[in-house]
$ cat model-v9.csv   # CSV, C-alpha atoms and all ligand atoms
chain,number,residue,atom,x,y,z
P,976,MET,CA,-7.4,-0.9,-29.2
P,977,LYS,CA,-7.9,-4.6,-28.8
P,978,ILE,CA,-11.5,-5.8,-28.7
P,979,TYR,CA,-12.6,-9.2,-27.3
P,980,THR,CA,-16.1,-10.3,-27.9
P,981,ALA,CA,-17.6,-12.6,-25.3
P,982,THR,CA,-20.8,-14.6,-25.5
P,983,ASP,CA,-22.4,-13.3,-22.3
P,984,PHE,CA,-21.6,-11.7,-18.9
P,985,LYS,CA,-20.0,-14.8,-17.6
P,986,ASP,CA,-17.7,-15.2,-20.6
P,987,MET,CA,-16.9,-11.5,-20.5
P,988,SER,CA,-16.0,-11.8,-16.8
P,989,ARG,CA,-13.8,-14.8,-17.5
P,990,LYS,CA,-11.9,-13.2,-20.3
P,991,ALA,CA,-11.3,-10.0,-18.3
P,992,ALA,CA,-10.2,-12.1,-15.3
P,993,ASN,CA,-7.8,-14.0,-17.6
P,994,ILE,CA,-6.2,-10.7,-18.6
P,995,ILE,CA,-5.9,-9.5,-14.9
P,996,SER,CA,-4.5,-12.8,-13.7
P,997,ALA,CA,-1.9,-12.9,-16.5
P,998,GLN,CA,-0.9,-9.4,-15.4
P,999,ILE,CA,-0.4,-10.7,-11.8
P,1000,ILE,CA,1.5,-13.8,-12.9
P,1001,LEU,CA,3.8,-11.6,-15.1
P,1002,ASN,CA,4.3,-9.1,-12.2
P,1003,GLU,CA,3.4,-10.3,-8.7
P,1004,LYS,CA,3.8,-6.8,-7.4
P,1005,SER,CA,1.2,-5.4,-9.9
P,1006,VAL,CA,-0.7,-2.2,-9.0
P,1007,LEU,CA,-4.3,-2.8,-10.1
P,1008,GLY,CA,-6.8,0.0,-10.5
P,1009,LEU,CA,-10.2,-1.4,-9.6
P,1010,ALA,CA,-13.8,-0.5,-10.2
P,1011,THR,CA,-17.2,-1.0,-8.6
P,1012,GLY,CA,-20.7,-1.3,-10.2
P,1013,SER,CA,-22.3,-4.5,-11.5
P,1014,SER,CA,-19.9,-5.0,-14.4
P,1015,PRO,CA,-16.8,-6.2,-12.4
P,1016,ILE,CA,-18.6,-8.5,-9.9
P,1017,GLY,CA,-18.2,-11.5,-12.2
P,1018,VAL,CA,-14.6,-10.7,-12.8
P,1019,TYR,CA,-14.0,-10.7,-9.0
P,1020,GLN,CA,-15.9,-13.9,-8.7
P,1021,GLN,CA,-13.7,-15.6,-11.3
P,1022,LEU,CA,-10.5,-14.3,-9.8
P,1023,ILE,CA,-11.6,-15.6,-6.3
P,1024,GLU,CA,-12.3,-19.0,-7.9
P,1025,TRP,CA,-8.8,-19.1,-9.4
P,1026,TYR,CA,-7.3,-17.9,-6.1
P,1027,LYS,CA,-9.0,-20.7,-4.3
P,1028,LYS,CA,-7.6,-23.2,-6.8
P,1029,GLY,CA,-4.1,-21.8,-6.2
P,1030,ASP,CA,-3.7,-20.3,-9.6
P,1031,VAL,CA,-3.4,-16.7,-8.7
P,1032,ASP,CA,-1.7,-15.1,-5.6
P,1033,PHE,CA,-2.6,-11.6,-4.4
P,1034,SER,CA,-0.1,-11.4,-1.5
P,1035,SER,CA,2.1,-8.8,-3.2
P,1036,VAL,CA,-0.6,-7.0,-5.2
P,1037,THR,CA,-1.7,-3.5,-4.5
P,1038,THR,CA,-5.1,-2.2,-5.5
P,1039,ILE,CA,-6.2,1.4,-5.9
P,1040,ASN,CA,-9.9,2.0,-6.6
P,1041,LEU,CA,-11.4,4.6,-8.8
P,1042,ASP,CA,-13.8,6.3,-6.5
P,1043,GLU,CA,-15.8,6.5,-3.3
P,1044,TYR,CA,-18.9,8.3,-2.2
P,1045,VAL,CA,-18.5,11.4,0.0
P,1046,GLY,CA,-20.0,11.1,3.4
P,1047,LEU,CA,-20.0,7.3,3.7
P,1048,ALA,CA,-17.9,5.5,6.3
P,1049,PRO,CA,-15.8,2.5,5.2
P,1050,ASP,CA,-18.1,0.1,7.0
P,1051,ASP,CA,-21.3,1.6,5.6
P,1052,PRO,CA,-22.8,-1.1,3.4
P,1053,HIS,CA,-23.3,1.4,0.6
P,1054,SER,CA,-19.7,2.5,0.5
P,1055,TYR,CA,-17.4,1.3,-2.2
P,1056,ARG,CA,-14.9,0.1,0.5
P,1057,TYR,CA,-17.6,-2.2,1.8
P,1058,PHE,CA,-18.4,-3.4,-1.8
P,1059,MET,CA,-14.8,-4.2,-2.5
P,1060,LYS,CA,-14.5,-6.1,0.8
P,1061,LYS,CA,-17.7,-8.0,0.2
P,1062,TYR,CA,-17.2,-9.0,-3.4
P,1063,PHE,CA,-13.4,-9.3,-3.5
P,1064,PHE,CA,-10.9,-8.5,-0.8
P,1065,SER,CA,-12.3,-10.7,2.0
P,1066,HIS,CA,-12.1,-13.8,-0.3
P,1067,ILE,CA,-8.5,-13.5,-1.4
P,1068,ASN,CA,-5.1,-13.2,0.3
P,1069,ILE,CA,-4.5,-9.5,-0.4
P,1070,HIS,CA,-3.2,-7.4,2.5
P,1071,GLU,CA,-5.8,-4.8,3.6
P,1072,SER,CA,-3.0,-2.3,3.9
P,1073,ASN,CA,-2.3,-2.7,0.2
P,1074,THR,CA,-5.9,-1.8,-0.8
P,1075,TYR,CA,-6.7,1.9,-1.3
P,1076,LEU,CA,-9.9,3.8,-1.8
P,1077,PRO,CA,-10.6,7.5,-1.2
P,1078,ASN,CA,-11.7,8.3,2.3
P,1079,GLY,CA,-15.3,9.3,2.0
P,1080,LEU,CA,-15.3,10.8,5.5
P,1081,GLN,CA,-12.4,13.2,4.8
P,1082,LYS,CA,-13.9,16.7,5.0
P,1083,SER,CA,-11.0,18.5,3.4
P,1084,GLN,CA,-11.5,17.7,-0.3
P,1085,GLU,CA,-8.2,19.3,-1.2
P,1086,PHE,CA,-6.3,17.1,1.3
P,1087,GLU,CA,-8.0,13.9,0.2
P,1088,CYS,CA,-7.5,14.4,-3.5
P,1089,MET,CA,-3.8,15.2,-2.9
P,1090,ARG,CA,-3.4,12.2,-0.6
P,1091,TYR,CA,-4.9,9.9,-3.2
P,1092,GLU,CA,-2.7,11.2,-6.1
P,1093,CYS,CA,0.3,10.7,-3.8
P,1094,ILE,CA,-0.7,7.1,-3.1
P,1095,ILE,CA,-0.9,6.4,-6.8
P,1096,ARG,CA,2.5,8.1,-7.4
P,1097,ASN,CA,4.2,6.4,-4.4
P,1098,ASN,CA,3.1,3.0,-5.7
P,1099,GLY,CA,4.7,3.7,-9.0
P,1100,GLY,CA,1.5,4.3,-10.9
P,1101,ILE,CA,-1.2,1.9,-12.0
P,1102,ASP,CA,-0.1,-1.0,-14.1
P,1103,MET,CA,-3.6,-2.1,-15.1
P,1104,GLN,CA,-6.9,-0.2,-14.7
P,1105,LEU,CA,-10.2,-2.0,-14.8
P,1106,LEU,CA,-13.1,0.2,-16.0
P,1107,GLY,CA,-16.8,-0.1,-16.3
P,1108,LEU,CA,-18.8,2.3,-18.4
P,1109,GLY,CA,-21.7,4.5,-17.2
P,1110,HIS,CA,-24.7,4.8,-19.6
P,1111,ASN,CA,-23.7,8.5,-20.1
P,1112,GLY,CA,-20.1,7.6,-20.9
P,1113,HIS,CA,-18.8,8.2,-17.4
P,1114,ILE,CA,-15.7,6.5,-16.2
P,1115,GLY,CA,-15.0,6.3,-12.5
P,1116,PHE,CA,-17.3,9.2,-11.6
P,1117,ASN,CA,-16.1,11.5,-14.3
P,1118,GLU,CA,-19.4,12.8,-15.6
P,1119,PRO,CA,-20.0,14.3,-19.1
P,1120,ASN,CA,-18.0,17.5,-19.5
P,1121,ALA,CA,-15.4,16.6,-16.9
P,1122,ALA,CA,-12.1,18.2,-17.8
P,1123,PHE,CA,-9.7,15.7,-19.5
P,1124,GLU,CA,-6.8,17.3,-17.5
P,1125,ALA,CA,-8.4,16.6,-14.1
P,1126,ASP,CA,-6.7,14.4,-11.6
P,1127,THR,CA,-8.4,13.1,-8.4
P,1128,HIS,CA,-11.2,15.5,-7.4
P,1129,CYS,CA,-14.6,15.7,-5.8
P,1130,VAL,CA,-17.6,15.6,-8.1
P,1131,THR,CA,-21.3,16.4,-7.8
P,1132,LEU,CA,-23.1,13.3,-9.3
P,1133,SER,CA,-25.5,13.9,-12.1
P,1134,GLN,CA,-29.1,12.9,-11.6
P,1135,ASP,CA,-28.7,10.2,-14.3
P,1136,THR,CA,-25.9,8.6,-12.4
P,1137,ARG,CA,-27.7,8.8,-9.0
P,1138,GLU,CA,-30.7,7.2,-10.7
P,1139,ALA,CA,-28.6,4.5,-12.2
P,1140,ASN,CA,-26.9,3.7,-8.9
P,1141,LYS,CA,-30.1,3.9,-6.8
P,1142,ARG,CA,-30.6,0.1,-7.2
P,1143,PHE,CA,-27.9,-0.3,-4.6
P,1144,PHE,CA,-29.8,2.0,-2.1
P,1145,ASP,CA,-33.3,2.0,-0.5
P,1146,THR,CA,-34.4,5.3,-2.1
P,1147,ILE,CA,-32.9,7.9,-4.5
P,1148,ASP,CA,-32.6,10.3,-1.5
P,1149,ASP,CA,-30.1,7.8,0.1
P,1150,VAL,CA,-27.7,8.0,-2.9
P,1151,PRO,CA,-24.9,10.4,-2.0
P,1152,ARG,CA,-24.7,13.6,-4.0
P,1153,GLN,CA,-20.9,13.8,-4.2
P,1154,ALA,CA,-18.0,11.4,-4.7
P,1155,TYR,CA,-14.3,11.4,-4.8
P,1156,THR,CA,-13.0,10.1,-8.1
P,1157,MET,CA,-9.7,9.6,-10.0
P,1158,GLY,CA,-9.8,12.2,-12.8
P,1159,ILE,CA,-9.6,11.5,-16.5
P,1160,LYS,CA,-5.9,12.4,-16.4
P,1161,THR,CA,-5.3,9.9,-13.5
P,1162,ILE,CA,-7.0,7.2,-15.5
P,1163,MET,CA,-5.2,8.0,-18.7
P,1164,GLN,CA,-1.9,7.6,-16.8
P,1165,ALA,CA,-2.5,3.9,-16.2
P,1166,ARG,CA,-0.1,1.8,-18.3
P,1167,ARG,CA,-2.9,-0.5,-19.5
P,1168,ILE,CA,-6.7,-0.1,-19.4
P,1169,VAL,CA,-9.2,-2.9,-19.5
P,1170,VAL,CA,-12.9,-1.8,-20.1
P,1171,ILE,CA,-15.7,-4.3,-19.5
P,1172,VAL,CA,-19.2,-3.8,-20.9
P,1173,SER,CA,-22.2,-6.1,-20.8
P,1174,GLY,CA,-25.8,-5.9,-22.0
P,1175,GLU,CA,-27.7,-4.2,-24.7
P,1176,SER,CA,-28.2,-1.1,-22.7
P,1177,LYS,CA,-24.5,-0.3,-23.1
P,1178,ALA,CA,-24.4,-0.8,-26.9
P,1179,GLU,CA,-25.1,2.8,-27.8
P,1180,ILE,CA,-22.6,4.3,-25.4
P,1181,VAL,CA,-19.9,1.8,-26.4
P,1182,LYS,CA,-20.3,2.9,-30.0
P,1183,ARG,CA,-20.2,6.6,-29.1
P,1184,SER,CA,-17.2,6.1,-26.7
P,1185,PHE,CA,-15.0,4.1,-29.0
P,1186,PHE,CA,-16.1,5.0,-32.5
P,1187,GLY,CA,-17.5,8.5,-32.1
P,1188,SER,CA,-15.8,11.8,-31.7
P,1189,ILE,CA,-13.4,12.4,-28.8
P,1190,THR,CA,-15.3,14.9,-26.7
P,1191,PRO,CA,-15.7,15.7,-23.0
P,1192,ASP,CA,-19.5,15.1,-23.6
P,1193,VAL,CA,-18.6,11.4,-23.6
P,1194,PRO,CA,-15.8,11.1,-21.0
P,1195,ALA,CA,-14.9,7.5,-22.1
P,1196,SER,CA,-14.1,8.7,-25.6
P,1197,VAL,CA,-10.8,10.0,-24.3
P,1198,LEU,CA,-9.7,6.3,-24.1
P,1199,GLN,CA,-9.3,6.4,-27.9
P,1200,LEU,CA,-6.2,8.4,-27.2
P,1201,HIS,CA,-4.6,5.8,-24.9
P,1202,ASN,CA,-2.1,3.4,-26.5
P,1203,ASN,CA,-3.0,0.3,-24.5
P,1204,VAL,CA,-6.8,-0.2,-24.2
P,1205,THR,CA,-8.5,-3.6,-24.2
P,1206,LEU,CA,-12.3,-3.6,-24.5
P,1207,VAL,CA,-14.0,-6.8,-23.4
P,1208,GLY,CA,-17.7,-6.9,-24.0
P,1209,ASP,CA,-20.4,-9.4,-24.5
P,1210,LYS,CA,-22.2,-9.6,-27.9
P,1211,ALA,CA,-25.1,-7.5,-26.7
P,1212,ALA,CA,-22.9,-4.6,-25.6
P,1213,LEU,CA,-20.8,-4.8,-28.8
P,1214,SER,CA,-23.8,-5.2,-31.1
P,1215,LEU,CA,-23.6,-1.7,-32.6
P,1216,ILE,CA,-19.9,-1.7,-33.4
Y,1301,LIG,C1,-20.7,3.6,-11.1
Y,1301,LIG,C2,-19.2,3.6,-10.9
Y,1301,LIG,C3,-18.4,3.4,-12.2
Y,1301,LIG,C4,-19.0,2.3,-13.0
Y,1301,LIG,C5,-20.4,2.6,-13.4
Y,1301,LIG,C6,-21.1,1.6,-14.3
Y,1301,LIG,O1,-21.1,4.9,-11.4
Y,1301,LIG,N1,-18.6,4.7,-10.2
Y,1301,LIG,O2,-17.1,3.1,-11.9
Y,1301,LIG,O3,-18.3,2.0,-14.1
Y,1301,LIG,O4,-21.2,2.8,-12.2
Y,1301,LIG,O5,-21.8,0.7,-13.5
Y,1301,LIG,P1,-22.3,-0.7,-14.0
Y,1301,LIG,O6,-21.1,-1.6,-14.2
Y,1301,LIG,O7,-23.1,-1.2,-12.8
Y,1301,LIG,O8,-23.1,-0.5,-15.2

$ encode --input "model-v9.csv" --output "structure tokens"
Amino acid sequence: MKIYTATDFKDMSRKAANIISAQIILNEKSVLGLATGSSPIGVYQQLIEWYKKGDVDFSSVTTINLDEYVGLAPDDPHSYRYFMKKYFFSHINIHESNTYLPNGLQKSQEFECMRYECIIRNNGGIDMQLLGLGHNGHIGFNEPNAAFEADTHCVTLSQDTREANKRFFDTIDDVPRQAYTMGIKTIMQARRIVVIVSGESKAEIVKRSFFGSITPDVPASVLQLHNNVTLVGDKAALSLI
């Protein structure tokens, strides 16, 4: 595992954006696995800035997001589709038809999970997966004790995760109870993984994930078994390792 220490959130975002733009420059048809949450917002801002300067071109890039809330329409301001549009897609020259997220409105879970795995496969797999890290070690929405062998599936969100994500909603009751997420196996099949972490509140889980035992209790700990992981964190998040 490679570890890059950044001074702060902005520096972390810039370093991770550098890695992603290098990936796109080396392969203009890259398939990027993307994430939501607060951590990647700075990365997207930096990539937008470089796109506007003409330094990076998304016209042949495909993106496949990690997850989506069940029950939310794509134009619902709380959906991850909306988030991606707002913070990234609407500012760059990516083709909307090359951007994939699970369909939160699909009632048949079995159909949606199979459809999503097919999308990943038909695009040749994910070249580079960007990941944030939940405070309980979740990646995507793979909560503690998720099976390592799971591919895309529907999960019931833990109370901790709903609490952590309620900042994006009016009240905790508005936070959906379920989500579609790529599974641990899907994530592990990405050819390269870039994890971004920022802030002191992530320090303990960073230590447990990357230097603790490999256990489903801490879903991100499975990343220790991947042969191409890059951790980009600010000093505060890396302070315990
Ligand atoms: C959500 C997302 C995850 C993300 C996590 C951490 O639960 N589904 O993909 O990694 O939040 O979020 P943040 O970056 O805001 O700490």

$ closest_residue --input "model-v9.csv" --among "P:His1110, P:Arg1167, P:Arg1090, P:Lys1182" --to "ligand LIG 1301 (chain Y)" --atoms "all atoms listed in the file"
P:His1110

$ residues_near_ligand --input "model-v9.csv" --ligand "ligand LIG 1301 (chain Y)" --cutoff "7 Å" --atoms "all atoms listed in the file" --output "PyMOL selection string"
chain P and resi 1010-1015+1041-1042+1106-1109+1114-1116+1136+1140

$ closest_residue --input "model-v9.csv" --among "P:Gly1017, P:Pro1191, P:Gly1046, P:Gly1112" --to "Val1150 of chain P" --atoms "only C-alpha atoms"
P:Gly1046

$ residues_around --input "model-v9.csv" --residues "Ala1125 of chain P" --least-positions-apart "2" --cutoff "10 Å" --atoms "only C-alpha atoms" --output "ChimeraX atom specification"
/P:1117,1121-1123,1127-1128,1156-1162

$ residues_near_point --input "model-v9.csv" --point "(-14.1, -8.1, -25.7)" --cutoff "7 Å" --atoms "all atoms listed in the file" --output "PyMOL selection string"
chain P and resi 978-981+987+1206-1209

$ decode --input "model-v9.csv" --residues "segment 1181-1195 of chain P" --atoms "N, CA, C and O atoms" --output "PDB file, in the first residue's frame"
ATOM      1  N   VAL P1181      -8.895   4.684  10.534  1.00  0.00           N
ATOM      2  CA  VAL P1181      -7.804   4.494   9.568  1.00  0.00           C
ATOM      3  C   VAL P1181      -6.812   3.476  10.138  1.00  0.00           C
ATOM      4  O   VAL P1181      -6.396   2.532   9.460  1.00  0.00           O
ATOM      5  N   LYS P1182      -6.483   3.652  11.410  1.00  0.00           N
ATOM      6  CA  LYS P1182      -5.542   2.732  12.063  1.00  0.00           C
ATOM      7  C   LYS P1182      -6.101   1.300  12.071  1.00  0.00           C
ATOM      8  O   LYS P1182      -5.429   0.344  11.685  1.00  0.00           O
ATOM      9  N   ARG P1183      -7.369   1.175  12.466  1.00  0.00           N
ATOM     10  CA  ARG P1183      -7.971  -0.171  12.529  1.00  0.00           C
ATOM     11  C   ARG P1183      -8.086  -0.795  11.144  1.00  0.00           C
ATOM     12  O   ARG P1183      -7.888  -1.993  10.962  1.00  0.00           O
ATOM     13  N   SER P1184      -8.409   0.037  10.144  1.00  0.00           N
ATOM     14  CA  SER P1184      -8.623  -0.499   8.793  1.00  0.00           C
ATOM     15  C   SER P1184      -7.329  -0.984   8.146  1.00  0.00           C
ATOM     16  O   SER P1184      -7.310  -2.036   7.513  1.00  0.00           O
ATOM     17  N   PHE P1185      -6.281  -0.195   8.293  1.00  0.00           N
ATOM     18  CA  PHE P1185      -5.073  -0.500   7.514  1.00  0.00           C
ATOM     19  C   PHE P1185      -3.960  -1.158   8.317  1.00  0.00           C
ATOM     20  O   PHE P1185      -3.033  -1.716   7.758  1.00  0.00           O
ATOM     21  N   PHE P1186      -4.081  -1.104   9.659  1.00  0.00           N
ATOM     22  CA  PHE P1186      -3.026  -1.707  10.475  1.00  0.00           C
ATOM     23  C   PHE P1186      -3.577  -2.665  11.528  1.00  0.00           C
ATOM     24  O   PHE P1186      -2.832  -3.207  12.326  1.00  0.00           O
ATOM     25  N   GLY P1187      -4.882  -2.887  11.515  1.00  0.00           N
ATOM     26  CA  GLY P1187      -5.493  -3.815  12.457  1.00  0.00           C
ATOM     27  C   GLY P1187      -5.718  -5.160  11.789  1.00  0.00           C
ATOM     28  O   GLY P1187      -5.255  -5.397  10.656  1.00  0.00           O
ATOM     29  N   SER P1188      -6.462  -6.044  12.470  1.00  0.00           N
ATOM     30  CA  SER P1188      -6.689  -7.346  11.838  1.00  0.00           C
ATOM     31  C   SER P1188      -7.734  -7.224  10.725  1.00  0.00           C
ATOM     32  O   SER P1188      -8.580  -6.326  10.735  1.00  0.00           O
ATOM     33  N   ILE P1189      -7.613  -8.148   9.780  1.00  0.00           N
ATOM     34  CA  ILE P1189      -8.529  -8.163   8.635  1.00  0.00           C
ATOM     35  C   ILE P1189      -9.784  -8.906   9.068  1.00  0.00           C
ATOM     36  O   ILE P1189      -9.743 -10.106   9.323  1.00  0.00           O
ATOM     37  N   THR P1190     -10.871  -8.151   9.201  1.00  0.00           N
ATOM     38  CA  THR P1190     -12.089  -8.753   9.755  1.00  0.00           C
ATOM     39  C   THR P1190     -13.324  -8.067   9.192  1.00  0.00           C
ATOM     40  O   THR P1190     -13.308  -6.843   8.993  1.00  0.00           O
ATOM     41  N   PRO P1191     -14.405  -8.817   8.973  1.00  0.00           N
ATOM     42  CA  PRO P1191     -15.651  -8.199   8.512  1.00  0.00           C
ATOM     43  C   PRO P1191     -16.199  -7.146   9.480  1.00  0.00           C
ATOM     44  O   PRO P1191     -16.998  -6.314   9.089  1.00  0.00           O
ATOM     45  N   ASP P1192     -15.725  -7.170  10.746  1.00  0.00           N
ATOM     46  CA  ASP P1192     -16.108  -6.119  11.710  1.00  0.00           C
ATOM     47  C   ASP P1192     -15.726  -4.743  11.202  1.00  0.00           C
ATOM     48  O   ASP P1192     -16.328  -3.739  11.565  1.00  0.00           O
ATOM     49  N   VAL P1193     -14.626  -4.699  10.449  1.00  0.00           N
ATOM     50  CA  VAL P1193     -14.119  -3.452   9.887  1.00  0.00           C
ATOM     51  C   VAL P1193     -14.013  -3.675   8.368  1.00  0.00           C
ATOM     52  O   VAL P1193     -12.980  -4.119   7.871  1.00  0.00           O
ATOM     53  N   PRO P1194     -15.095  -3.403   7.630  1.00  0.00           N
ATOM     54  CA  PRO P1194     -15.103  -3.756   6.205  1.00  0.00           C
ATOM     55  C   PRO P1194     -13.867  -3.264   5.430  1.00  0.00           C
ATOM     56  O   PRO P1194     -13.321  -4.005   4.607  1.00  0.00           O
ATOM     57  N   ALA P1195     -13.391  -2.057   5.741  1.00  0.00           N
ATOM     58  CA  ALA P1195     -12.260  -1.520   4.974  1.00  0.00           C
ATOM     59  C   ALA P1195     -10.976  -2.307   5.197  1.00  0.00           C
ATOM     60  O   ALA P1195     -10.029  -2.202   4.399  1.00  0.00           O
TER      61      ALA P1195
END
